[in-house]
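For reference, model-v2.csv is printed below; it contains CSV, N, CA and C atoms and all ligand atoms.
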```csv
chain,number,residue,atom,x,y,z
A,1,MET,N,15.6,-30.2,15.4
A,1,MET,CA,15.6,-28.8,15.4
A,1,MET,C,14.9,-28.3,16.7
A,2,ASN,N,15.6,-27.5,17.5
A,2,ASN,CA,15.0,-27.1,18.7
A,2,ASN,C,14.0,-26.0,18.5
A,3,LYS,N,13.3,-25.6,19.5
A,3,LYS,CA,12.2,-24.6,19.4
A,3,LYS,C,12.7,-23.3,18.9
A,4,ARG,N,13.9,-22.9,19.4
A,4,ARG,CA,14.4,-21.6,19.1
A,4,ARG,C,14.8,-21.5,17.6
A,5,LYS,N,15.4,-22.6,17.0
A,5,LYS,CA,15.7,-22.6,15.6
A,5,LYS,C,14.5,-22.6,14.8
A,6,PHE,N,13.5,-23.4,15.3
A,6,PHE,CA,12.2,-23.4,14.5
A,6,PHE,C,11.5,-22.1,14.4
A,7,ILE,N,11.5,-21.3,15.6
A,7,ILE,CA,10.9,-20.0,15.6
A,7,ILE,C,11.7,-19.1,14.7
A,8,PHE,N,13.0,-19.2,14.7
A,8,PHE,CA,13.8,-18.3,13.8
A,8,PHE,C,13.5,-18.6,12.4
A,9,ALA,N,13.4,-19.9,12.0
A,9,ALA,CA,13.1,-20.3,10.7
A,9,ALA,C,11.7,-19.7,10.2
A,10,ILE,N,10.8,-19.8,11.1
A,10,ILE,CA,9.4,-19.2,10.8
A,10,ILE,C,9.5,-17.7,10.6
A,11,ILE,N,10.3,-17.0,11.4
A,11,ILE,CA,10.5,-15.6,11.2
A,11,ILE,C,11.2,-15.3,9.9
A,12,LEU,N,12.2,-16.1,9.5
A,12,LEU,CA,12.8,-15.9,8.2
A,12,LEU,C,11.8,-16.1,7.0
A,13,ILE,N,10.9,-17.1,7.2
A,13,ILE,CA,9.9,-17.3,6.2
A,13,ILE,C,9.0,-16.1,6.1
A,14,PHE,N,8.6,-15.5,7.2
A,14,PHE,CA,7.8,-14.3,7.2
A,14,PHE,C,8.5,-13.2,6.5
A,15,ILE,N,9.8,-13.0,6.8
A,15,ILE,CA,10.5,-11.9,6.2
A,15,ILE,C,10.5,-12.1,4.7
A,16,CYS,N,10.8,-13.3,4.2
A,16,CYS,CA,10.8,-13.6,2.8
A,16,CYS,C,9.4,-13.3,2.2
A,17,PHE,N,8.4,-13.7,2.9
A,17,PHE,CA,7.0,-13.5,2.4
A,17,PHE,C,6.7,-12.0,2.3
A,18,PHE,N,7.1,-11.2,3.4
A,18,PHE,CA,6.8,-9.8,3.3
A,18,PHE,C,7.6,-9.1,2.2
A,19,SER,N,8.9,-9.5,2.0
A,19,SER,CA,9.7,-8.9,1.0
A,19,SER,C,9.1,-9.1,-0.4
A,20,ILE,N,8.6,-10.3,-0.6
A,20,ILE,CA,7.9,-10.6,-1.9
A,20,ILE,C,6.6,-9.8,-2.0
A,21,ASN,N,5.9,-9.7,-0.9
A,21,ASN,CA,4.6,-9.0,-0.9
A,21,ASN,C,4.8,-7.5,-1.2
A,22,VAL,N,5.9,-6.9,-0.6
A,22,VAL,CA,6.2,-5.5,-0.8
A,22,VAL,C,6.4,-5.3,-2.3
A,23,LYS,N,7.2,-6.2,-2.9
A,23,LYS,CA,7.4,-6.0,-4.4
A,23,LYS,C,6.1,-6.1,-5.2
A,24,ALA,N,5.3,-7.1,-4.8
A,24,ALA,CA,4.0,-7.3,-5.5
A,24,ALA,C,3.1,-6.1,-5.4
A,25,GLU,N,3.1,-5.5,-4.2
A,25,GLU,CA,2.2,-4.4,-4.0
A,25,GLU,C,2.6,-3.1,-4.7
A,26,THR,N,3.9,-3.0,-5.0
A,26,THR,CA,4.3,-1.8,-5.7
A,26,THR,C,3.8,-1.7,-7.1
A,27,THR,N,3.2,-2.8,-7.6
A,27,THR,CA,2.6,-2.7,-9.0
A,27,THR,C,1.3,-2.0,-9.0
A,28,ILE,N,0.7,-1.8,-7.8
A,28,ILE,CA,-0.5,-1.0,-7.7
A,28,ILE,C,-0.2,0.5,-8.0
A,29,LEU,N,-0.9,1.1,-8.9
A,29,LEU,CA,-0.7,2.5,-9.2
A,29,LEU,C,-1.9,3.2,-8.6
A,30,TYR,N,-1.6,3.8,-7.4
A,30,TYR,CA,-2.7,4.5,-6.7
A,30,TYR,C,-3.1,5.8,-7.5
A,31,GLY,N,-4.4,6.0,-7.6
A,31,GLY,CA,-4.9,7.1,-8.4
A,31,GLY,C,-5.4,6.6,-9.8
A,32,ASP,N,-4.9,5.4,-10.2
A,32,ASP,CA,-5.3,4.9,-11.5
A,32,ASP,C,-6.6,4.0,-11.3
A,33,VAL,N,-7.7,4.7,-11.1
A,33,VAL,CA,-8.9,4.1,-10.7
A,33,VAL,C,-9.4,3.1,-11.8
A,34,ASP,N,-9.3,3.5,-13.1
A,34,ASP,CA,-9.8,2.6,-14.1
A,34,ASP,C,-8.8,1.6,-14.6
A,35,GLY,N,-7.6,1.6,-14.0
A,35,GLY,CA,-6.6,0.6,-14.2
A,35,GLY,C,-6.0,0.6,-15.6
A,36,ASN,N,-5.9,1.7,-16.3
A,36,ASN,CA,-5.3,1.8,-17.7
A,36,ASN,C,-3.9,2.1,-17.6
A,37,GLY,N,-3.3,2.2,-16.5
A,37,GLY,CA,-1.8,2.4,-16.4
A,37,GLY,C,-1.4,3.8,-16.2
A,38,LYS,N,-2.3,4.8,-16.3
A,38,LYS,CA,-2.0,6.2,-16.1
A,38,LYS,C,-3.0,6.9,-15.2
A,39,ILE,N,-2.6,8.0,-14.6
A,39,ILE,CA,-3.5,8.7,-13.8
A,39,ILE,C,-3.9,10.0,-14.5
A,40,ASP,N,-5.2,10.1,-14.9
A,40,ASP,CA,-5.6,11.3,-15.6
A,40,ASP,C,-7.0,11.6,-15.1
A,41,VAL,N,-7.7,12.6,-15.8
A,41,VAL,CA,-8.9,13.1,-15.4
A,41,VAL,C,-10.0,12.0,-15.4
A,42,SER,N,-9.9,11.0,-16.2
A,42,SER,CA,-10.9,9.9,-16.2
A,42,SER,C,-11.0,9.2,-14.9
A,43,ASP,N,-9.8,9.1,-14.2
A,43,ASP,CA,-9.8,8.5,-12.9
A,43,ASP,C,-10.6,9.3,-11.9
A,44,ALA,N,-10.3,10.6,-11.9
A,44,ALA,CA,-11.1,11.5,-10.9
A,44,ALA,C,-12.6,11.4,-11.3
A,45,THR,N,-12.9,11.5,-12.5
A,45,THR,CA,-14.3,11.4,-13.0
A,45,THR,C,-14.9,10.1,-12.5
A,46,ALA,N,-14.2,9.0,-12.6
A,46,ALA,CA,-14.7,7.7,-12.2
A,46,ALA,C,-15.1,7.7,-10.7
A,47,LEU,N,-14.2,8.3,-9.9
A,47,LEU,CA,-14.5,8.4,-8.5
A,47,LEU,C,-15.7,9.3,-8.2
A,48,GLU,N,-15.8,10.4,-8.9
A,48,GLU,CA,-17.0,11.3,-8.8
A,48,GLU,C,-18.3,10.6,-9.2
A,49,ASN,N,-18.2,9.8,-10.3
A,49,ASN,CA,-19.4,9.1,-10.7
A,49,ASN,C,-19.8,8.0,-9.7
A,50,TYR,N,-18.8,7.4,-9.1
A,50,TYR,CA,-19.0,6.4,-8.1
A,50,TYR,C,-19.7,7.0,-6.9
A,51,LEU,N,-19.2,8.2,-6.5
A,51,LEU,CA,-19.7,8.8,-5.3
A,51,LEU,C,-21.2,9.3,-5.5
A,52,SER,N,-21.5,9.6,-6.8
A,52,SER,CA,-22.9,10.0,-7.0
A,52,SER,C,-23.8,8.8,-7.6
A,53,ASP,N,-23.3,7.6,-7.3
A,53,ASP,CA,-24.0,6.4,-7.6
A,53,ASP,C,-24.3,6.2,-9.0
A,54,LYS,N,-23.5,6.8,-9.9
A,54,LYS,CA,-23.7,6.6,-11.4
A,54,LYS,C,-23.1,5.3,-11.9
A,55,ILE,N,-22.0,4.9,-11.2
A,55,ILE,CA,-21.3,3.7,-11.6
A,55,ILE,C,-20.9,2.9,-10.4
A,56,GLU,N,-20.6,1.6,-10.6
A,56,GLU,CA,-20.0,0.8,-9.5
A,56,GLU,C,-18.5,0.7,-9.7
A,57,LEU,N,-17.7,0.5,-8.7
A,57,LEU,CA,-16.3,0.3,-8.8
A,57,LEU,C,-15.9,-1.0,-8.2
A,58,SER,N,-15.1,-1.8,-8.8
A,58,SER,CA,-14.6,-3.0,-8.2
A,58,SER,C,-13.8,-2.7,-6.9
A,59,TYR,N,-13.6,-3.8,-6.1
A,59,TYR,CA,-12.8,-3.6,-4.9
A,59,TYR,C,-11.4,-3.1,-5.3
A,60,GLU,N,-10.8,-3.6,-6.4
A,60,GLU,CA,-9.4,-3.2,-6.8
A,60,GLU,C,-9.4,-1.7,-7.2
A,61,ALA,N,-10.5,-1.3,-7.9
A,61,ALA,CA,-10.6,0.1,-8.4
A,61,ALA,C,-10.7,1.0,-7.2
A,62,GLN,N,-11.5,0.6,-6.2
A,62,GLN,CA,-11.7,1.4,-5.0
A,62,GLN,C,-10.4,1.5,-4.2
A,63,LYS,N,-9.6,0.4,-4.2
A,63,LYS,CA,-8.3,0.4,-3.5
A,63,LYS,C,-7.4,1.4,-4.2
A,64,ARG,N,-7.4,1.3,-5.5
A,64,ARG,CA,-6.5,2.3,-6.3
A,64,ARG,C,-7.0,3.7,-6.1
A,65,GLY,N,-8.3,3.9,-5.9
A,65,GLY,CA,-8.8,5.2,-5.8
A,65,GLY,C,-8.7,5.8,-4.5
A,66,ASN,N,-8.4,5.0,-3.5
A,66,ASN,CA,-8.3,5.6,-2.1
A,66,ASN,C,-6.9,6.2,-1.9
A,67,VAL,N,-6.7,7.3,-2.6
A,67,VAL,CA,-5.3,7.9,-2.6
A,67,VAL,C,-4.9,8.6,-1.3
A,68,ASP,N,-5.9,8.9,-0.5
A,68,ASP,CA,-5.5,9.6,0.8
A,68,ASP,C,-5.3,8.6,1.9
A,69,GLY,N,-5.6,7.3,1.7
A,69,GLY,CA,-5.2,6.3,2.7
A,69,GLY,C,-6.2,6.2,3.8
A,70,ASP,N,-7.4,6.8,3.7
A,70,ASP,CA,-8.3,6.7,4.8
A,70,ASP,C,-9.3,5.5,4.7
A,71,ASN,N,-9.0,4.6,3.8
A,71,ASN,CA,-9.7,3.3,3.6
A,71,ASN,C,-11.2,3.5,3.1
A,72,LYS,N,-11.5,4.7,2.6
A,72,LYS,CA,-12.8,4.9,2.0
A,72,LYS,C,-12.7,5.9,0.9
A,73,ILE,N,-13.7,5.8,-0.1
A,73,ILE,CA,-13.7,6.7,-1.2
A,73,ILE,C,-14.5,7.9,-0.8
A,74,THR,N,-13.9,9.0,-0.9
A,74,THR,CA,-14.6,10.3,-0.6
A,74,THR,C,-14.2,11.3,-1.7
A,75,ALA,N,-14.9,12.5,-1.6
A,75,ALA,CA,-14.6,13.6,-2.5
A,75,ALA,C,-13.1,14.0,-2.4
A,76,ASN,N,-12.5,13.8,-1.3
A,76,ASN,CA,-11.1,14.2,-1.1
A,76,ASN,C,-10.2,13.3,-2.0
A,77,ASP,N,-10.5,12.1,-2.3
A,77,ASP,CA,-9.7,11.2,-3.2
A,77,ASP,C,-9.7,11.8,-4.6
A,78,SER,N,-10.9,12.2,-5.0
A,78,SER,CA,-11.0,12.8,-6.3
A,78,SER,C,-10.2,14.2,-6.4
A,79,LYS,N,-10.3,14.9,-5.3
A,79,LYS,CA,-9.6,16.2,-5.2
A,79,LYS,C,-8.1,16.0,-5.3
A,80,VAL,N,-7.6,15.0,-4.6
A,80,VAL,CA,-6.2,14.7,-4.6
A,80,VAL,C,-5.7,14.3,-6.0
A,81,ILE,N,-6.5,13.5,-6.7
A,81,ILE,CA,-6.2,13.1,-8.1
A,81,ILE,C,-6.2,14.3,-9.0
A,82,ARG,N,-7.2,15.1,-8.9
A,82,ARG,CA,-7.2,16.4,-9.7
A,82,ARG,C,-6.0,17.3,-9.4
A,83,SER,N,-5.6,17.4,-8.2
A,83,SER,CA,-4.4,18.2,-7.8
A,83,SER,C,-3.2,17.6,-8.4
A,84,TYR,N,-3.1,16.2,-8.3
A,84,TYR,CA,-2.0,15.5,-8.9
A,84,TYR,C,-1.9,15.8,-10.4
A,85,ILE,N,-3.0,15.7,-11.1
A,85,ILE,CA,-3.0,15.9,-12.5
A,85,ILE,C,-2.5,17.3,-12.9
A,86,ALA,N,-2.9,18.3,-12.0
A,86,ALA,CA,-2.5,19.7,-12.2
A,86,ALA,C,-1.1,20.0,-11.7
A,87,GLY,N,-0.4,18.9,-11.2
A,87,GLY,CA,1.0,19.1,-10.8
A,87,GLY,C,1.1,19.8,-9.5
A,88,GLN,N,0.0,19.8,-8.7
A,88,GLN,CA,0.0,20.6,-7.4
A,88,GLN,C,0.4,19.7,-6.2
A,89,THR,N,0.3,18.4,-6.4
A,89,THR,CA,0.6,17.5,-5.3
A,89,THR,C,1.1,16.2,-5.8
A,90,THR,N,1.5,15.3,-4.9
A,90,THR,CA,1.8,13.9,-5.2
A,90,THR,C,0.7,13.0,-4.7
A,91,ILE,N,0.6,11.8,-5.2
A,91,ILE,CA,-0.3,10.8,-4.6
A,91,ILE,C,0.3,10.4,-3.3
A,92,PRO,N,-0.4,10.7,-2.2
A,92,PRO,CA,0.2,10.5,-0.9
A,92,PRO,C,0.4,9.0,-0.5
A,93,ILE,N,-0.4,8.1,-0.9
A,93,ILE,CA,-0.3,6.7,-0.5
A,93,ILE,C,0.5,5.9,-1.4
A,94,LYS,N,1.5,5.2,-0.9
A,94,LYS,CA,2.3,4.2,-1.7
A,94,LYS,C,2.3,2.9,-0.9
A,95,MET,N,1.6,1.9,-1.3
A,95,MET,CA,1.6,0.6,-0.6
A,95,MET,C,3.0,0.1,-0.5
A,96,GLY,N,3.4,-0.3,0.7
A,96,GLY,CA,4.7,-0.8,1.0
A,96,GLY,C,5.7,0.2,1.5
A,97,ASP,N,5.2,1.5,1.5
A,97,ASP,CA,6.1,2.5,2.0
A,97,ASP,C,6.0,2.6,3.5
A,98,VAL,N,6.6,1.6,4.1
A,98,VAL,CA,6.5,1.4,5.6
A,98,VAL,C,7.1,2.6,6.3
A,99,ASN,N,8.3,3.0,5.9
A,99,ASN,CA,9.0,4.1,6.6
A,99,ASN,C,8.5,5.5,6.1
A,100,GLU,N,7.5,5.6,5.2
A,100,GLU,CA,6.9,6.8,4.8
A,100,GLU,C,7.9,7.8,4.3
A,101,ASP,N,8.9,7.4,3.5
A,101,ASP,CA,9.8,8.3,2.9
A,101,ASP,C,9.4,8.6,1.4
A,102,GLY,N,8.3,8.1,1.0
A,102,GLY,CA,7.8,8.5,-0.3
A,102,GLY,C,8.2,7.5,-1.4
A,103,VAL,N,9.0,6.5,-1.1
A,103,VAL,CA,9.4,5.5,-2.1
A,103,VAL,C,9.3,4.1,-1.4
A,104,VAL,N,9.1,3.1,-2.2
A,104,VAL,CA,9.1,1.7,-1.8
A,104,VAL,C,10.5,1.1,-2.2
A,105,ASP,N,11.3,0.8,-1.2
A,105,ASP,CA,12.6,0.3,-1.6
A,105,ASP,C,13.1,-0.7,-0.5
A,106,GLN,N,14.4,-1.0,-0.5
A,106,GLN,CA,14.9,-2.0,0.4
A,106,GLN,C,14.9,-1.5,1.9
A,107,PHE,N,14.8,-0.2,2.1
A,107,PHE,CA,14.7,0.3,3.4
A,107,PHE,C,13.4,0.0,4.1
A,108,ASP,N,12.3,-0.1,3.3
A,108,ASP,CA,11.0,-0.6,3.8
A,108,ASP,C,11.1,-2.1,4.2
A,109,VAL,N,11.8,-2.9,3.4
A,109,VAL,CA,12.0,-4.3,3.8
A,109,VAL,C,12.8,-4.4,5.1
A,110,LEU,N,13.8,-3.6,5.2
A,110,LEU,CA,14.6,-3.6,6.5
A,110,LEU,C,13.7,-3.2,7.7
A,111,GLU,N,12.9,-2.2,7.4
A,111,GLU,CA,12.0,-1.7,8.5
A,111,GLU,C,11.1,-2.9,9.0
A,112,ILE,N,10.5,-3.7,8.0
A,112,ILE,CA,9.7,-4.8,8.3
A,112,ILE,C,10.5,-5.9,9.1
A,113,GLN,N,11.7,-6.1,8.6
A,113,GLN,CA,12.6,-7.1,9.3
A,113,GLN,C,12.9,-6.7,10.7
A,114,ASN,N,13.1,-5.4,10.9
A,114,ASN,CA,13.4,-4.9,12.3
A,114,ASN,C,12.2,-5.0,13.2
A,115,MET,N,11.0,-4.8,12.6
A,115,MET,CA,9.8,-5.0,13.4
A,115,MET,C,9.6,-6.4,13.8
A,116,LEU,N,9.9,-7.4,12.9
A,116,LEU,CA,9.8,-8.8,13.2
A,116,LEU,C,10.8,-9.2,14.2
A,117,MET,N,12.0,-8.7,14.1
A,117,MET,CA,13.1,-9.1,15.0
A,117,MET,C,12.7,-8.6,16.4
A,118,LYS,N,12.1,-7.4,16.5
A,118,LYS,CA,11.7,-6.9,17.8
A,118,LYS,C,10.7,-7.8,18.5
A,119,VAL,N,9.7,-8.3,17.6
A,119,VAL,CA,8.7,-9.3,18.1
A,119,VAL,C,9.4,-10.6,18.6
A,120,TYR,N,10.4,-11.0,17.7
A,120,TYR,CA,11.1,-12.2,18.1
A,120,TYR,C,11.8,-12.1,19.4
A,121,ASN,N,12.5,-10.9,19.5
A,121,ASN,CA,13.3,-10.7,20.8
A,121,ASN,C,12.4,-10.6,22.0
A,122,LEU,N,11.2,-10.1,21.8
A,122,LEU,CA,10.3,-10.0,23.0
A,122,LEU,C,9.9,-11.4,23.4
A,123,HIS,N,9.7,-12.3,22.5
A,123,HIS,CA,9.2,-13.6,22.8
A,123,HIS,C,10.2,-14.7,22.9
A,124,LYS,N,11.5,-14.5,22.6
A,124,LYS,CA,12.4,-15.6,22.5
A,124,LYS,C,12.8,-16.2,23.8
A,125,ASN,N,12.7,-15.5,24.9
A,125,ASN,CA,13.0,-16.0,26.2
A,125,ASN,C,11.9,-16.9,26.7
A,126,LYS,N,10.8,-16.9,26.1
A,126,LYS,CA,9.6,-17.7,26.6
A,126,LYS,C,9.8,-19.2,26.2
A,127,TYR,N,10.7,-19.4,25.2
A,127,TYR,CA,10.8,-20.8,24.7
A,127,TYR,C,12.1,-21.4,25.1
A,201,CA,CA,-6.3,5.6,-15.2
A,202,CA,CA,-9.9,7.9,0.7
```

Before anything else, please render the file you have as structure tokens.
Ligand SMILES: [Ca+2]
Ligand SMILES: [Ca+2]
Amino acid sequence: MNKRKFIFAIILIFICFFSINVKAETTILYGDVDGNGKIDVSDATALENYLSDKIELSYEAQKRGNVDGDNKITANDSKVIRSYIAGQTTIPIKMGDVNEDGVVDQFDVLEIQNMLMKVYNLHKNKY
């Protein structure tokens, strides 16, 4: 196997890995802080209790609670969850929504593949 075929094989493996990962990540329900499968007032309350140091939250719970995508738990996350419960907004963050169209689907996988192919094309002449 020459170097070019080897690199292409590696890229294909990465594409498969990302495709599987995107599917796995879609099982995360952002806003469901307590992990009971639904987003309700207890999730907003859990974030508020965490922010006032009344309870601890696991890494996974913090990840699900970071609904605004700023990588930290703030009062805004609780506010977003309460707005979502009231039907006034959607949960903005969806893991795997690479093209930011609001859903995680095959177009996100294509987006990742296109990004990888651009990287491959940038470097293919070096080998
Ligand atoms: Ca919940
Ligand atoms: Ca946040």

Expected answer as an MDAnalysis selection string: residues within 7 Å of ligand CA 202 (chain A), only C-alpha atoms and all ligand atoms: chainID A and resid 66:74 76:77

Written file, previous selection with N, CA and C atoms, as a PDB file, in the coordinates of the input:
```
ATOM      1  N   ASN A  66      -8.400   5.000  -3.500  1.00  0.00           N
ATOM      2  CA  ASN A  66      -8.300   5.600  -2.100  1.00  0.00           C
ATOM      3  C   ASN A  66      -6.900   6.200  -1.900  1.00  0.00           C
ATOM      4  N   VAL A  67      -6.700   7.300  -2.600  1.00  0.00           N
ATOM      5  CA  VAL A  67      -5.300   7.900  -2.600  1.00  0.00           C
ATOM      6  C   VAL A  67      -4.900   8.600  -1.300  1.00  0.00           C
ATOM      7  N   ASP A  68      -5.900   8.900  -0.500  1.00  0.00           N
ATOM      8  CA  ASP A  68      -5.500   9.600   0.800  1.00  0.00           C
ATOM      9  C   ASP A  68      -5.300   8.600   1.900  1.00  0.00           C
ATOM     10  N   GLY A  69      -5.600   7.300   1.700  1.00  0.00           N
ATOM     11  CA  GLY A  69      -5.200   6.300   2.700  1.00  0.00           C
ATOM     12  C   GLY A  69      -6.200   6.200   3.800  1.00  0.00           C
ATOM     13  N   ASP A  70      -7.400   6.800   3.700  1.00  0.00           N
ATOM     14  CA  ASP A  70      -8.300   6.700   4.800  1.00  0.00           C
ATOM     15  C   ASP A  70      -9.300   5.500   4.700  1.00  0.00           C
ATOM     16  N   ASN A  71      -9.000   4.600   3.800  1.00  0.00           N
ATOM     17  CA  ASN A  71      -9.700   3.300   3.600  1.00  0.00           C
ATOM     18  C   ASN A  71     -11.200   3.500   3.100  1.00  0.00           C
ATOM     19  N   LYS A  72     -11.500   4.700   2.600  1.00  0.00           N
ATOM     20  CA  LYS A  72     -12.800   4.900   2.000  1.00  0.00           C
ATOM     21  C   LYS A  72     -12.700   5.900   0.900  1.00  0.00           C
ATOM     22  N   ILE A  73     -13.700   5.800  -0.100  1.00  0.00           N
ATOM     23  CA  ILE A  73     -13.700   6.700  -1.200  1.00  0.00           C
ATOM     24  C   ILE A  73     -14.500   7.900  -0.800  1.00  0.00           C
ATOM     25  N   THR A  74     -13.900   9.000  -0.900  1.00  0.00           N
ATOM     26  CA  THR A  74     -14.600  10.300  -0.600  1.00  0.00           C
ATOM     27  C   THR A  74     -14.200  11.300  -1.700  1.00  0.00           C
ATOM     28  N   ASN A  76     -12.500  13.800  -1.300  1.00  0.00           N
ATOM     29  CA  ASN A  76     -11.100  14.200  -1.100  1.00  0.00           C
ATOM     30  C   ASN A  76     -10.200  13.300  -2.000  1.00  0.00           C
ATOM     31  N   ASP A  77     -10.500  12.100  -2.300  1.00  0.00           N
ATOM     32  CA  ASP A  77      -9.700  11.200  -3.200  1.00  0.00           C
ATOM     33  C   ASP A  77      -9.700  11.800  -4.600  1.00  0.00           C
TER      34      ASP A  77
END
```

Which residue out of A:Gly35, A:Ser78, A:Ile7, A:Asn2 has the minimum interatomic distance to ligand CA 201 (chain A) when all atoms listed in the file are used?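 Of A:Gly35, A:Ser78, A:Ile7, A:Asn2, the one nearest ligand CA 201 (chain A), counting all atoms listed in the file, is A:Gly35.
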
What does the list of residues within 5 Å of ligand CA 201 (chain A) look like if you count only N, CA and C atoms and all ligand atoms, written as a PyMOL selection string? chain A and resi 32-40

Calculate how many Å separate atom CA of Lys79 of chain A from atom CA of Glu48 of chain A, rounding to one decimal.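 One can read the atom CA of Lys79 of chain A to atom CA of Glu48 of chain A distance as 9.6 Å.
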
Interatomic distance between atom C of Ile93 of chain A and atom C of Val119 of chain A? 27.4 Å

Length of the atom CA of Lys124 of chain A to atom CA of Asp108 of chain A vector [Å]: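 Atom-to-atom, atom CA of Lys124 of chain A to atom CA of Asp108 of chain A, that is 24.0 Å.
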